[in-house]
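S.K.: Take a look at the following structure, please.
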Amino acid sequence: MVALGTGIGWRPELASGIAGMTGLDWVEVVAENICPGHLPEPLRALRERGVTVVPHGVGLGLGGADRPSPARLVRLAHVAAELDAPLVSEHIAFVRSGGPSTGDGRVEAGHLLPVPRTREALDVLCENVRIAQDSLPVPLALENIATLVAWPDEELTEAQFLGELVERTGVRLLIDVANLHTDRVNHGRDPAAVLAALPLEALAYVHVAGGVERDGLWHDTHAHPVPQAVLALLGDLCALRRPPGVLLERDDAFPEPSELAAELAVIRAVVAATGGSARPAPVRGTAAPAPPTPNATRRPGPSLPRPAD
């Protein structure tokens with residue numbers, strides 16, 4: 001696995017603050033917000049500093065009944081190539097329904113929806129993952145999602161579902177420990193048991209994020225500081241397997257850069273205390289950018305078709 005270190009989700013609202021952080025190893029961008037050939041200047045500047053950029057997709061819908069869109073896969077492949085990314089990531093979710101196969105109009109959910117943990121759904125997911133892997137120039141990692149509701153009559157636990165997915169496809173895992181905390185509050189699932197049973201040898205990186213509890217449900221808002229319970233789960237994971245990378249997500253109610261830098265420092269300390277840190281440089285929110293360093297050399301991916309309009 002590529003050693004990513006400690007990073008943060010890049011958003012336009014955070015661009016100036018992130019630009020001033022030193023010791024920042026990598027950033028993650030929403031793949032659908034990147035136009036190949038037209039990178040935002042702050043993101044281009046980060047790449048020139050040697051900061052790794054990983055595209056994180058939200059629109060493939062690999063858990064859906066339909067096969068993934070060839071046009072979406074081509075576009076994601078071009079984004080990965082444009083960013084010289086070591087991998088791309090997506091979600092174990094479906095995001096749309098309907099279409100010609102059902103006789104109904106296609107409906108976009110605008111949200112990540114949970115896949116039933118049944119053998120039939122797993123078969124569909126595995127085939128969709130194989131199609132995506134064959135279309136991408138770099139490895140694919142898939143993320144467990146946060147849910148407010150669960151499907152009835154599920155045949156597999158989350159760990160069994162993910163374990164069989166990895167075994168059958170070789171896909172890598174992006175484990176969101178905040179989403180494990182969500183499942184603990186909303187569904188009574190034991191995150192320690194999930195972590196102990198996961199194939200952590202396939203771990204690509206880890207997400208941490210904040211949320212809020214309302215009326216007995218945990219909402220994964222990405223708009224609040226990371227709570228101690230999520231940091232504790234990060235520590236539990238690190239005790240089992242040193243993660244190649246850890247990333248802080250923040251998508252709303254953006255705080256001052258110094259607050260984000262402090263959260264990154266805490267995350268780095270948790271990793272160092274339990275499993276060591278791949279890159280121990282501190283993150284500070286006010287220093288000048290680090291001098292440019294070359295990106296690690298990577299083998300070129302296959303030639304890519306032109307993205308569809």
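Each chain of the structure tokens is named A, B, ... in the order shown, its residues numbered from 1; ligands are numbered from 1 in display order.
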With DSSP run on the backbone, what are the strand (DSSP E or B) residues within range 7-119 of chain A? I'd like them as a ChimeraX atom specification.
M.R.: /A:7-9,22,26-30,52-56,88-91,94-99,104-113
S.K.: Skip Ala239 in chain A itself and residues of its chain fewer than 4 positions away, then list as a list in words all residues within 12 Å of it, counting only C-alpha atoms.
M.R.: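 Within the cut-off, the hits are Ala192, Leu195, Ala196, Leu200, Ala232, Leu233, Leu234, Gly235, Pro243, Val270, Val271, Ala272, Ala273, Thr274, Gly275 and Gly276 of chain A.
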S.K.: Which one of A:Ser89, A:Pro42, A:Leu142, A:Ala132 sits closest to Ser69 in chain A if you count only C-alpha atoms?
M.R.: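 Of A:Ser89, A:Pro42, A:Leu142, A:Ala132, the one nearest Ser69 in chain A, counting only C-alpha atoms, is A:Ala132.
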S.K.: Which neighbours of Leu136 in chain A fall inside 8 Å, counting only C-alpha atoms, when residues of the same chain fewer than 5 positions from it are skipped, and could you give them as number ranges by chain?
M.R.: A: 73-74, 76-77
S.K.: Would you kindly return, as number ranges by chain, each protein, DNA or RNA residue with an atom no farther than 8 Å from any atom of Trp10 in chain A, considering only C-alpha atoms and excluding same-chain residues fewer than 5 positions away?
M.R.: A: 15, 18, 27-29
S.K.: Tell me which of A:Asn128, A:Thr52, A:Ser16, A:Thr22 sits closest to Gly245 in chain A, counting only C-alpha atoms.
M.R.: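 Under the stated criterion, the closest residue is A:Thr52.
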S.K.: Expressed in Å to a single decimal, how great is the separation between CA of Val206 in chain A and CA of Val124 in chain A?
M.R.: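 Answer for the CA of Val206 in chain A to CA of Val124 in chain A separation: 25.1 Å.
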S.K.: Smallest atom-to-atom distance to Ala93 in chain A: which of A:Gly211, A:Gly9, A:Gly216, A:Pro116, using only C-alpha atoms?
M.R.: A:Pro116
S.K.: List the neighbours of range 61-64 of chain A out to 12 Å using only C-alpha atoms; skip same-chain residues closer than 6 positions along the sequence, and give me the result as number ranges by chain.
M.R.: A: 72-73, 89-99, 108-118, 120-133, 140-145, 165
S.K.: What's the 9 Å shell around Ile267 in chain A, counting only C-alpha atoms, without same-chain residues fewer than 6 positions away, as JSON, numbers by chain?
M.R.: {"A": [6, 208, 231, 234, 246, 247, 248]}
S.K.: Convert the current residue selection to file output with C-alpha atoms, as a short mmCIF file (atom, residue, chain, number, x, y, z; two decimals), in the first residue's frame.
M.R.:
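And here's selection.cif as it stands now:
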data_model
loop_
_atom_site.label_atom_id
_atom_site.label_comp_id
_atom_site.auth_asym_id
_atom_site.auth_seq_id
_atom_site.Cartn_x
_atom_site.Cartn_y
_atom_site.Cartn_z
CA THR A 6 -1.90 12.44 7.37
CA VAL A 208 -12.21 10.44 10.40
CA LEU A 231 -10.58 9.15 17.83
CA LEU A 234 -9.00 5.29 15.17
CA VAL A 246 -5.52 8.91 7.66
CA LEU A 247 -7.68 11.75 6.35
CA LEU A 248 -9.78 14.38 8.12
#
S.K.: Could you please determine the separation between CA of Asp251 in chain A and CA of Ala223 in chain A in Å, to one decimal place?
M.R.: 6.0 Å
S.K.: Looking at only C-alpha atoms, which of A:Leu60, A:Leu240, A:Ala261, A:Val194 is the one that sits closest to Ala19 in chain A?
M.R.: A:Ala261
S.K.: Extract, using only C-alpha atoms, all DNA, RNA and protein residues at most 8 Å from Ala146 in chain A, discarding same-chain residues fewer than 5 positions from it, and format them as a PyMOL selection string.
M.R.: chain A and resi 178-180+182-183+220
S.K.: Between CA of Leu162 in chain A and CA of Pro191 in chain A, what is the spacing in Å?
M.R.: 13.9 Å
S.K.: Which one of A:Asp215, A:Leu174, A:Glu249, A:Gln228 sits closest to Val30 in chain A if you count only C-alpha atoms?
M.R.: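 Smallest separation from Val30 in chain A among the options: A:Glu249.
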